[in-house]
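This is model-v3.csv. It holds CSV, C-alpha atoms and all ligand atoms.
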chain,number,residue,atom,x,y,z
Z,231,MET,CA,109.5,45.7,86.2
Z,232,THR,CA,111.7,45.1,89.2
Z,233,GLU,CA,111.7,41.7,90.9
Z,234,LYS,CA,110.8,42.1,94.5
Z,235,TYR,CA,113.5,39.8,96.0
Z,236,TYR,CA,112.6,41.1,99.6
Z,237,TYR,CA,109.4,39.0,99.4
Z,238,LEU,CA,111.2,35.8,98.3
Z,239,ASP,CA,113.7,36.1,101.1
Z,240,PRO,CA,113.3,38.8,103.7
Z,241,TYR,CA,116.5,37.7,105.5
Z,242,LYS,CA,118.7,38.3,102.4
Z,243,LYS,CA,121.3,40.9,103.2
Z,244,GLU,CA,123.1,41.2,99.9
Z,245,ILE,CA,122.5,40.3,96.2
Z,246,LYS,CA,123.9,41.1,92.8
Z,247,ALA,CA,121.6,43.0,90.5
Z,248,LYS,CA,121.7,44.4,87.0
Z,249,VAL,CA,121.2,48.1,86.3
Z,250,ILE,CA,118.3,48.6,83.9
Z,251,SER,CA,118.0,52.4,84.2
Z,252,GLU,CA,120.7,54.9,85.2
Z,253,GLY,CA,120.8,58.3,86.8
Z,254,GLU,CA,120.3,59.6,90.4
Z,255,TYR,CA,117.3,57.2,90.7
Z,256,VAL,CA,118.5,53.8,89.6
Z,257,GLU,CA,116.4,50.8,88.7
Z,258,PHE,CA,117.7,47.2,88.9
Z,259,ASP,CA,116.4,44.0,87.5
Z,260,LYS,CA,115.7,42.9,91.1
Z,261,THR,CA,116.1,44.4,94.6
Z,262,ILE,CA,116.3,43.5,98.2
Z,263,PHE,CA,115.3,47.1,99.2
Z,264,PHE,CA,111.7,47.2,100.4
Z,265,VAL,CA,109.8,50.3,99.0
Z,266,GLY,CA,107.9,51.0,102.2
Z,267,GLY,CA,104.2,50.5,103.0
Z,268,GLY,CA,101.8,48.9,105.5
Z,269,GLY,CA,103.2,51.2,108.2
Z,270,GLN,CA,106.8,50.1,107.5
Z,271,ASP,CA,109.6,52.4,106.3
Z,272,PHE,CA,111.6,51.8,103.1
Z,273,ASP,CA,115.0,50.2,103.3
Z,274,THR,CA,118.4,51.8,103.1
Z,275,GLY,CA,121.8,50.5,102.5
Z,276,TYR,CA,124.5,50.4,99.8
Z,277,ALA,CA,124.8,49.8,96.0
Z,278,ASN,CA,128.5,49.0,95.7
Z,279,GLU,CA,130.1,51.8,97.7
Z,280,PHE,CA,127.2,54.3,97.1
Z,281,VAL,CA,124.6,55.0,99.7
Z,282,VAL,CA,121.0,54.1,98.9
Z,283,SER,CA,119.1,56.8,100.7
Z,284,GLU,CA,115.5,56.3,99.4
Z,285,VAL,CA,113.5,53.7,97.6
Z,286,TYR,CA,110.1,54.0,96.0
Z,287,GLU,CA,107.9,52.2,93.5
Z,288,LYS,CA,106.1,53.6,90.5
Z,289,ASN,CA,104.0,51.5,88.1
Z,290,GLY,CA,105.8,48.3,89.1
Z,291,HIS,CA,109.3,49.9,88.7
Z,292,ILE,CA,111.4,50.4,91.9
Z,293,TYR,CA,113.7,53.4,92.0
Z,294,HIS,CA,116.7,53.7,94.3
Z,295,LYS,CA,118.0,57.1,95.1
Z,296,ILE,CA,121.8,56.8,94.8
Z,297,SER,CA,123.5,60.3,94.7
Z,298,ARG,CA,126.7,60.7,92.6
Z,299,ASN,CA,126.8,57.0,91.4
Z,300,ASP,CA,128.6,56.0,88.2
Z,301,PHE,CA,126.3,53.1,87.2
Z,302,LYS,CA,125.6,52.4,83.6
Z,303,VAL,CA,122.8,50.2,82.2
Z,304,GLY,CA,124.0,46.6,82.2
Z,305,ASP,CA,126.4,47.0,85.1
Z,306,ILE,CA,126.2,44.3,87.8
Z,307,VAL,CA,126.0,45.9,91.2
Z,308,SER,CA,126.2,44.5,94.7
Z,309,LEU,CA,123.1,45.6,96.8
Z,310,LYS,CA,123.7,45.6,100.5
Z,311,LEU,CA,120.9,46.1,103.0
Z,312,ASN,CA,121.1,48.0,106.2
Z,313,TYR,CA,119.9,44.7,107.8
Z,314,GLU,CA,119.8,46.0,111.4
Z,315,LYS,CA,117.1,48.5,110.3
Z,316,ARG,CA,115.3,45.9,108.3
Z,317,LEU,CA,115.2,43.4,111.2
Z,318,ASP,CA,114.0,46.1,113.5
Z,319,ASP,CA,111.3,47.1,111.1
Z,320,MET,CA,110.2,43.4,110.6
Z,321,GLN,CA,110.2,42.8,114.4
Z,322,GLN,CA,108.1,45.9,115.1
Z,323,HIS,CA,105.8,45.3,112.1
Z,324,LEU,CA,105.1,41.6,112.8
Z,325,GLY,CA,104.6,42.5,116.5
Z,326,GLU,CA,101.9,44.9,115.4
Z,327,HIS,CA,100.2,42.1,113.4
Z,328,ILE,CA,100.2,39.8,116.5
Z,329,LEU,CA,98.9,42.5,118.9
Z,330,ALA,CA,96.3,43.8,116.5
Z,331,GLY,CA,95.1,40.3,115.7
Z,332,LEU,CA,94.8,39.4,119.3
Z,333,LEU,CA,93.0,42.6,120.3
Z,334,LYS,CA,90.4,42.0,117.5
Z,335,LYS,CA,90.0,38.3,118.4
Z,336,HIS,CA,89.6,38.7,122.2
Z,337,PHE,CA,88.1,42.2,122.6
Z,338,ASP,CA,86.8,43.2,119.2
Z,339,ILE,CA,89.1,46.2,119.2
Z,340,ASP,CA,90.2,47.6,115.9
Z,341,ASN,CA,93.7,49.0,115.0
Z,342,VAL,CA,93.0,52.3,113.4
Z,343,GLY,CA,96.6,53.6,113.0
Z,344,PHE,CA,100.1,52.3,113.2
Z,345,HIS,CA,103.5,54.0,113.2
Z,346,ILE,CA,107.0,52.7,113.8
Z,347,GLY,CA,108.6,55.6,115.7
Z,348,LYS,CA,112.3,55.9,116.6
Z,349,GLU,CA,111.7,55.1,120.3
Z,350,TYR,CA,108.3,53.4,120.4
Z,351,VAL,CA,105.9,51.8,118.0
Z,352,THR,CA,102.4,53.2,118.4
Z,353,MET,CA,99.0,51.7,117.5
Z,354,ASP,CA,95.8,53.6,117.8
Z,355,ILE,CA,92.9,51.5,118.9
Z,356,ASN,CA,89.2,52.4,118.8
Z,357,LYS,CA,88.2,51.2,122.3
Z,358,GLU,CA,89.5,51.6,125.8
Z,359,ILE,CA,91.1,48.6,127.4
Z,360,SER,CA,92.1,48.0,131.1
Z,361,ILE,CA,95.6,47.4,132.2
Z,362,LYS,CA,94.7,43.9,133.3
Z,363,ASP,CA,93.3,43.1,129.8
Z,364,LEU,CA,96.4,44.6,128.2
Z,365,GLU,CA,98.6,42.3,130.3
Z,366,PHE,CA,96.5,39.4,129.1
Z,367,ILE,CA,97.1,40.5,125.5
Z,368,GLU,CA,100.8,40.9,126.2
Z,369,ASP,CA,101.0,37.4,127.6
Z,370,MET,CA,99.1,36.0,124.6
Z,371,ALA,CA,101.3,37.9,122.2
Z,372,ASN,CA,104.5,36.5,123.7
Z,373,GLU,CA,102.9,33.0,123.7
Z,374,VAL,CA,102.5,33.4,119.9
Z,375,ILE,CA,106.2,34.2,119.7
Z,376,TYR,CA,107.2,31.1,121.8
Z,377,LYS,CA,105.1,28.9,119.6
Z,378,ASN,CA,107.1,30.1,116.6
Z,379,ILE,CA,104.0,30.0,114.3
Z,380,GLU,CA,104.6,30.1,110.5
Z,381,VAL,CA,103.8,33.4,108.8
Z,382,LYS,CA,102.1,32.7,105.5
Z,383,PHE,CA,101.9,35.0,102.4
Z,384,LEU,CA,98.9,34.5,100.1
Z,385,MET,CA,98.1,36.1,96.8
Z,386,TYR,CA,94.5,36.6,95.7
Z,387,LYS,CA,93.2,37.9,92.4
Z,388,SER,CA,90.9,40.3,94.3
Z,389,LYS,CA,89.8,41.2,97.8
Z,390,ASP,CA,86.5,39.4,97.2
Z,391,GLU,CA,88.5,36.2,96.6
Z,392,ALA,CA,90.4,36.8,99.9
Z,393,GLY,CA,87.2,36.9,101.9
Z,394,LYS,CA,86.5,39.0,105.0
Z,395,LEU,CA,89.7,39.8,106.9
Z,396,ARG,CA,90.5,41.9,110.0
Z,397,LYS,CA,90.5,45.1,108.1
Z,398,ASP,CA,89.4,46.2,104.6
Z,399,THR,CA,91.7,47.4,101.9
Z,400,ALA,CA,91.4,50.1,99.2
Z,401,VAL,CA,93.7,48.1,96.9
Z,402,LYS,CA,92.1,47.2,93.6
Z,403,GLY,CA,93.0,44.0,91.8
Z,404,GLU,CA,95.6,41.5,93.2
Z,405,VAL,CA,96.0,41.6,96.9
Z,406,ARG,CA,98.7,40.2,99.2
Z,407,VAL,CA,97.5,38.7,102.5
Z,408,VAL,CA,99.6,37.9,105.5
Z,409,GLU,CA,98.4,35.1,107.8
Z,410,ILE,CA,99.5,34.0,111.3
Z,411,LYS,CA,97.2,31.0,111.8
Z,412,GLY,CA,94.8,31.4,114.7
Z,413,VAL,CA,96.1,35.0,115.4
Z,414,ASP,CA,95.7,37.3,112.4
Z,415,LYS,CA,94.9,37.5,108.7
Z,416,ILE,CA,95.2,40.8,107.0
Z,417,TYR,CA,96.2,42.5,103.7
Z,418,CYS,CA,99.8,43.7,103.9
Z,419,CYS,CA,102.6,44.7,101.5
Z,420,GLY,CA,105.3,44.9,104.1
Z,421,THR,CA,108.3,42.5,104.7
Z,422,HIS,CA,107.8,39.9,107.5
Z,423,PRO,CA,109.8,37.1,108.9
Z,424,PHE,CA,108.7,33.6,108.1
Z,425,HIS,CA,108.1,32.7,111.7
Z,426,THR,CA,106.7,34.6,114.7
Z,427,GLY,CA,109.8,33.6,116.8
Z,428,VAL,CA,111.8,36.2,115.0
Z,429,VAL,CA,109.8,39.0,116.8
Z,430,GLY,CA,111.7,37.9,120.0
Z,431,ALA,CA,109.5,39.7,122.5
Z,432,ILE,CA,106.6,42.1,122.7
Z,433,LYS,CA,106.4,44.7,125.6
Z,434,ILE,CA,103.5,47.1,125.9
Z,435,ILE,CA,104.9,50.3,127.5
Z,436,LYS,CA,101.8,52.5,128.1
Z,437,ILE,CA,98.4,53.5,126.8
Z,438,LYS,CA,97.2,57.1,126.4
Z,439,LYS,CA,93.9,58.7,125.3
Z,440,ASN,CA,94.5,60.2,121.9
Z,441,LYS,CA,91.5,62.3,120.6
Z,442,LYS,CA,88.7,59.8,120.2
Z,443,ASN,CA,91.0,56.8,120.2
Z,444,TYR,CA,93.5,55.2,122.6
Z,445,ARG,CA,97.2,55.1,121.7
Z,446,LEU,CA,99.2,52.0,122.6
Z,447,PHE,CA,103.0,52.3,122.9
Z,448,PHE,CA,104.9,49.1,122.5
Z,449,ILE,CA,108.3,47.7,121.5
Z,450,CYS,CA,109.4,44.4,120.0
Z,451,GLY,CA,112.5,42.3,119.5
Z,452,LYS,CA,115.9,44.0,120.1
Z,453,ARG,CA,114.2,47.2,121.1
Z,454,ALA,CA,112.6,45.3,124.1
Z,455,LEU,CA,116.0,43.9,125.1
Z,456,LYS,CA,117.6,47.3,124.8
Z,457,ASP,CA,114.8,48.9,126.8
Z,458,TYR,CA,115.0,46.2,129.5
Z,459,ARG,CA,118.8,46.7,129.7
Z,460,ASN,CA,118.4,50.4,130.1
Z,461,LYS,CA,115.7,50.2,132.7
Z,462,ASN,CA,117.6,47.5,134.6
Z,463,LYS,CA,120.6,49.9,134.7
Z,464,ILE,CA,118.4,52.8,136.0
Z,465,VAL,CA,116.8,50.6,138.7
Z,466,GLY,CA,120.2,49.2,139.6
Z,467,GLU,CA,121.7,52.7,140.1
Z,468,LEU,CA,118.7,53.9,142.1
Z,469,ASN,CA,119.0,50.8,144.3
Z,470,ASN,CA,122.6,51.7,144.9
Z,471,LYS,CA,121.8,55.3,145.8
Z,472,LEU,CA,118.9,54.3,148.1
Z,473,SER,CA,120.4,51.2,149.5
Z,474,SER,CA,117.3,49.3,148.4
Z,475,ASP,CA,116.5,46.3,146.2
Z,476,ASP,CA,113.9,45.9,143.5
Z,477,ASN,CA,111.2,45.1,146.1
Z,478,THR,CA,111.9,47.9,148.5
Z,479,LEU,CA,112.9,50.6,146.0
Z,480,LEU,CA,109.4,52.3,145.8
Z,481,SER,CA,108.8,52.3,149.5
Z,482,LYS,CA,112.3,53.8,150.1
Z,483,PHE,CA,111.6,56.4,147.5
Z,484,ASP,CA,108.2,57.3,149.1
Z,485,THR,CA,109.9,57.7,152.5
Z,486,LEU,CA,112.5,59.9,151.0
Z,487,ASN,CA,109.9,62.0,149.2
Z,488,ASN,CA,107.9,62.5,152.4
Z,489,GLN,CA,111.1,63.5,154.2
Z,490,LYS,CA,111.8,66.0,151.5
Z,491,LYS,CA,108.3,67.5,151.8
Z,492,GLU,CA,108.7,67.9,155.6
Z,493,ILE,CA,112.1,69.5,155.2
Z,494,LYS,CA,110.7,71.9,152.5
Z,495,ASN,CA,107.8,72.9,154.8
Z,496,SER,CA,110.0,73.6,157.8
Z,497,TYR,CA,112.4,75.5,155.5
Z,498,ASN,CA,109.6,77.6,154.2
Z,499,GLU,CA,108.4,78.4,157.7
Z,500,LEU,CA,111.9,79.5,158.7
Z,501,ARG,CA,112.3,81.4,155.5
Z,502,LYS,CA,109.1,83.4,156.1
Z,503,LYS,CA,110.4,84.4,159.6
Z,504,TYR,CA,113.7,85.5,158.1
Z,505,LEU,CA,111.9,87.5,155.4
Z,506,ASP,CA,109.7,89.3,158.0
Z,507,ILE,CA,112.9,90.4,159.8
Z,508,LEU,CA,114.5,91.4,156.5
Z,509,VAL,CA,111.5,93.5,155.5
Z,510,GLU,CA,111.5,95.3,158.9
Z,511,LYS,CA,115.2,96.1,158.5
Z,512,ASN,CA,114.7,97.4,155.0
Z,513,VAL,CA,111.7,99.6,155.4
Z,514,ASN,CA,112.3,103.3,155.2
Z,515,THR,CA,109.7,105.8,156.2
Z,516,LYS,CA,109.9,108.9,154.1
Z,517,GLU,CA,107.1,111.4,154.8
Z,518,GLY,CA,104.5,108.7,154.9
Z,519,HIS,CA,105.9,106.6,152.1
Z,520,LEU,CA,107.6,103.3,152.7
Z,521,ILE,CA,110.1,102.1,150.2
Z,522,ILE,CA,111.6,98.7,150.4
Z,523,TYR,CA,114.4,97.5,148.3
Z,524,ILE,CA,115.5,93.9,148.7
Z,525,LYS,CA,117.5,92.1,146.2
Z,526,ASP,CA,118.6,88.5,145.7
Z,527,LEU,CA,115.2,87.2,146.6
Z,528,SER,CA,113.6,84.0,145.3
Z,529,GLU,CA,110.2,83.9,143.7
Z,530,PHE,CA,108.9,82.3,146.8
Z,531,ASP,CA,110.3,85.2,148.9
Z,532,ILE,CA,108.7,87.8,146.7
Z,533,LYS,CA,105.3,86.2,146.8
Z,534,HIS,CA,105.4,85.9,150.6
Z,535,ILE,CA,106.4,89.5,151.1
Z,536,LEU,CA,103.7,90.8,148.7
Z,537,LYS,CA,101.1,88.7,150.5
Z,538,CYS,CA,102.1,90.0,153.9
Z,539,MET,CA,102.1,93.7,152.7
Z,540,ARG,CA,99.0,93.7,150.6
Z,541,ASN,CA,97.1,95.9,153.0
Z,542,ILE,CA,99.9,98.5,153.5
Z,543,GLN,CA,100.0,101.6,151.4
Z,544,ILE,CA,103.7,101.6,150.5
Z,545,THR,CA,105.9,101.4,147.5
Z,546,ILE,CA,107.7,98.2,147.4
Z,547,VAL,CA,110.5,97.2,145.0
Z,548,LEU,CA,111.5,93.7,145.1
Z,549,TYR,CA,113.8,91.9,142.8
Z,550,SER,CA,115.2,88.4,142.3
Z,551,SER,CA,117.9,87.2,140.0
Z,552,GLU,CA,115.3,87.0,137.2
Z,553,SER,CA,112.4,89.3,137.9
Z,554,VAL,CA,111.4,92.7,139.4
Z,555,TYR,CA,108.2,93.5,141.2
Z,556,ILE,CA,107.1,97.1,141.8
Z,557,THR,CA,103.9,97.5,143.8
Z,558,LYS,CA,101.7,100.3,145.3
Z,559,ASN,CA,101.6,103.9,144.4
Z,560,ILE,CA,102.9,103.5,140.9
Z,561,ASN,CA,102.2,106.9,139.4
Z,562,SER,CA,102.6,107.9,135.7
Z,563,ASN,CA,106.1,109.4,136.2
Z,564,ILE,CA,107.4,106.1,137.5
Z,565,LYS,CA,105.6,104.2,134.8
Z,566,ASN,CA,107.1,106.5,132.2
Z,567,TYR,CA,110.6,105.9,133.6
Z,568,ILE,CA,110.1,102.1,133.4
Z,569,LYS,CA,108.6,102.3,129.9
Z,570,LYS,CA,111.9,103.8,128.7
Z,571,TYR,CA,113.5,100.4,129.2
Z,572,GLU,CA,111.1,98.8,126.7
Z,573,LEU,CA,110.6,95.9,129.0
Z,574,ASP,CA,107.9,93.2,128.7
Z,575,ILE,CA,105.8,94.4,131.6
Z,576,LYS,CA,103.0,92.3,133.0
Z,577,GLY,CA,100.6,93.2,135.8
Z,578,SER,CA,97.8,95.5,136.9
Z,579,GLU,CA,97.5,99.1,138.3
Z,580,ASP,CA,98.7,98.1,141.7
Z,581,ILE,CA,101.5,95.7,140.9
Z,582,ILE,CA,103.8,95.4,137.9
Z,583,ARG,CA,106.3,92.7,137.1
Z,584,PHE,CA,108.9,92.0,134.4
Z,585,ASN,CA,111.5,89.5,133.9
Z,586,TYR,CA,115.1,90.3,132.9
Z,587,ASP,CA,118.1,88.5,131.6
Z,588,LYS,CA,121.8,88.6,132.3
Z,589,SER,CA,122.4,91.5,129.9
Z,590,PHE,CA,120.0,93.8,131.8
Z,591,GLU,CA,121.9,96.1,134.2
Z,592,ILE,CA,119.6,95.5,137.2
Z,593,ASP,CA,121.7,97.5,139.8
Z,594,LYS,CA,121.8,100.5,137.6
Z,595,PHE,CA,118.0,100.2,136.9
Z,596,ILE,CA,117.2,99.9,140.6
Z,597,LYS,CA,119.4,102.9,141.5
Z,598,LYS,CA,117.7,105.2,139.0
Z,599,LEU,CA,114.3,103.9,140.0
Z,600,GLU,CA,115.1,104.7,143.6
Z,601,GLU,CA,116.0,108.3,142.6
Z,602,GLU,CA,112.7,108.5,140.7
Z,603,ILE,CA,110.7,107.3,143.6
Z,604,ARG,CA,112.4,109.7,146.0
Z,605,ARG,CA,111.8,112.6,143.7
Z,606,GLU,CA,108.1,111.7,143.6
Z,607,TYR,CA,107.4,110.9,147.2
Z,608,VAL,CA,110.1,112.4,149.4
Z,701,ZN,ZN,102.5,43.4,107.6
Now, as a test, write the supplied structure out as structure tokens.
Amino acid sequence: MTEKYYYLDPYKKEIKAKVISEGEYVEFDKTIFFVGGGGQDFDTGYANEFVVSEVYEKNGHIYHKISRNDFKVGDIVSLKLNYEKRLDDMQQHLGEHILAGLLKKHFDIDNVGFHIGKEYVTMDINKEISIKDLEFIEDMANEVIYKNIEVKFLMYKSKDEAGKLRKDTAVKGEVRVVEIKGVDKIYCCGTHPFHTGVVGAIKIIKIKKNKKNYRLFFICGKRALKDYRNKNKIVGELNNKLSSDDNTLLSKFDTLNNQKKEIKNSYNELRKKYLDILVEKNVNTKEGHLIIYIKDLSEFDIKHILKCMRNIQITIVLYSSESVYITKNINSNIKNYIKKYELDIKGSEDIIRFNYDKSFEIDKFIKKLEEEIRREYV
């Protein structure tokens, strides 16, 4: 059996421990490496100079994956925790207890799933909640932090002895309960700080519908500070660019966006006029067939020309830097010519389209296609 030192002192960063089984997976008489559970990841760190990359528990024994170590049974080894990760895990984890407890207490909302992600912590809740109520919960959660309430750890012989808690557990026999008085009481095997103040801050980021539940994204502790710093930097840079301040930033952006839309509309109008002239210049009449070749068009241009010419019986070849459109009078000879190129052709009888990349010799393709069309129609 391994003594779980991480429960005695979750702030301990380093201890000496004795090797009691050797190999790639080492067991010590005691450990500061949490094995993972309750939504919290296992700890990582060092055993002397060797990396502890994984920790797990089996039948009361805790095994540490330490590749290429030279430990022998009886050796005294220095275990060093990656404490930044542990503190982050504890801040996010206790933050979840606080939020889940308050959601249950004030709105009878259940936490049905919890995950500490790299960027955000997510909690799936079983009921919808308004932004106003979420802000209320966020305020309450931060009040719990300011009050620096003691986090208590209670052991019970069975869940019956523990009584009814926020959520049931499947654990048989002895159970560990974590209590934040007046806020939350729940079965949990994770590592937690002794006081809520360690969580630092709780910020809810967003809520999204997730299948039949709602997913809450939030961050706690140092993550909240880092996020605020990053967002402050972004807002500061935007204010510099727009000559605004935090209060006028959004209205300045709206004005700019409206101006952009107006410019785009007038550009499109002008572009259409230019395209009409371009089409007129490029139309060749050959014994009743019109062939148009225009290159360097944008997707917008192509769509406009096709729309204008949809009632005219002509062969049109239009191409942009990434796609080719061929429309009207596409007979089987032309189709066979195109097929030779093994292109991914989309479209109908009247209009076909394919995309091409840089390796495709578009000028060569168009030149030969032109010859093909002339042979057919001229
Ligand atoms: Zn917990």
Do a neighbour search on Gly412 in chain Z at 12 Å with only C-alpha atoms, toss out local chain neighbours closer than 4 positions, and write the hits as a CSV table (one decimal) with C-alpha atoms, in the frame of the given file.
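Once everything was written out, this is part-v8.csv:
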chain,number,residue,atom,x,y,z
Z,328,ILE,CA,100.2,39.8,116.5
Z,331,GLY,CA,95.1,40.3,115.7
Z,332,LEU,CA,94.8,39.4,119.3
Z,334,LYS,CA,90.4,42.0,117.5
Z,335,LYS,CA,90.0,38.3,118.4
Z,336,HIS,CA,89.6,38.7,122.2
Z,370,MET,CA,99.1,36.0,124.6
Z,371,ALA,CA,101.3,37.9,122.2
Z,374,VAL,CA,102.5,33.4,119.9
Z,377,LYS,CA,105.1,28.9,119.6
Z,379,ILE,CA,104.0,30.0,114.3
Z,380,GLU,CA,104.6,30.1,110.5
Z,381,VAL,CA,103.8,33.4,108.8
Z,382,LYS,CA,102.1,32.7,105.5
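Minimum atom-to-atom distance to ligand ZN 701 (chain Z), evaluated using all atoms listed in the file, belongs to Z:Gly268 out of Z:Gly268, Z:Gly403, Z:Gly430, Z:Gly275.
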Would you place a box with edges along x, y and z of the file around all atoms of range 378-390 of chain Z listed there, add 6 Å to each of its six sides, and report the centre and edge lengths in Å to one decimal, as lines of an AutoDock Vina configuration file?
center_x = 96.8
center_y = 35.6
center_z = 104.5
size_x = 32.6
size_y = 23.2
size_z = 36.2
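Coordinates place CA of Pro240 in chain Z at a distance of 17.7 Å from CA of Cys450 in chain Z.
If you measure from each of Z:Ser388, Z:Thr485, Z:Gln322, Z:Asn498 to ligand ZN 701 (chain Z) using only C-alpha atoms and all ligand atoms, the closest one turns out to be Z:Gln322.
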Check: Of the residues Z:Glu314, Z:Asp574, Z:Asp259, Z:Asp271, which is the one nearest to ligand ZN 701 (chain Z), using all atoms listed in the file?
Finding: Z:Asp271
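Taking all atoms listed in the file into account, the residues that come within 10 Å of ligand ZN 701 (chain Z) are Gly267, Gly268, Gly269, Gln270, Met320, Gln322, His323, Leu324, Gly325, Glu326, His327, Ile328, Phe383, Arg406, Val407, Val408, Glu409, Lys415, Ile416, Tyr417, Cys418, Cys419, Gly420, Thr421, His422 and Pro423 of chain Z.
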If you keep C-alpha atoms, can you produce a file of those selected residues as an mmCIF file, in the coordinates of the input?
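Once written, again35.cif looks like this:
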data_model
loop_
_atom_site.group_PDB
_atom_site.id
_atom_site.type_symbol
_atom_site.label_atom_id
_atom_site.label_comp_id
_atom_site.auth_asym_id
_atom_site.auth_seq_id
_atom_site.Cartn_x
_atom_site.Cartn_y
_atom_site.Cartn_z
ATOM 1 C CA GLY Z 267 104.200 50.500 103.000
ATOM 2 C CA GLY Z 268 101.800 48.900 105.500
ATOM 3 C CA GLY Z 269 103.200 51.200 108.200
ATOM 4 C CA GLN Z 270 106.800 50.100 107.500
ATOM 5 C CA MET Z 320 110.200 43.400 110.600
ATOM 6 C CA GLN Z 322 108.100 45.900 115.100
ATOM 7 C CA HIS Z 323 105.800 45.300 112.100
ATOM 8 C CA LEU Z 324 105.100 41.600 112.800
ATOM 9 C CA GLY Z 325 104.600 42.500 116.500
ATOM 10 C CA GLU Z 326 101.900 44.900 115.400
ATOM 11 C CA HIS Z 327 100.200 42.100 113.400
ATOM 12 C CA ILE Z 328 100.200 39.800 116.500
ATOM 13 C CA PHE Z 383 101.900 35.000 102.400
ATOM 14 C CA ARG Z 406 98.700 40.200 99.200
ATOM 15 C CA VAL Z 407 97.500 38.700 102.500
ATOM 16 C CA VAL Z 408 99.600 37.900 105.500
ATOM 17 C CA GLU Z 409 98.400 35.100 107.800
ATOM 18 C CA LYS Z 415 94.900 37.500 108.700
ATOM 19 C CA ILE Z 416 95.200 40.800 107.000
ATOM 20 C CA TYR Z 417 96.200 42.500 103.700
ATOM 21 C CA CYS Z 418 99.800 43.700 103.900
ATOM 22 C CA CYS Z 419 102.600 44.700 101.500
ATOM 23 C CA GLY Z 420 105.300 44.900 104.100
ATOM 24 C CA THR Z 421 108.300 42.500 104.700
ATOM 25 C CA HIS Z 422 107.800 39.900 107.500
ATOM 26 C CA PRO Z 423 109.800 37.100 108.900
#
Notebook entry, point to check: Could you state the separation of CA of Ile292 in chain Z and CA of Val249 in chain Z in Å, given to one decimal place?
Noted result: 11.5 Å
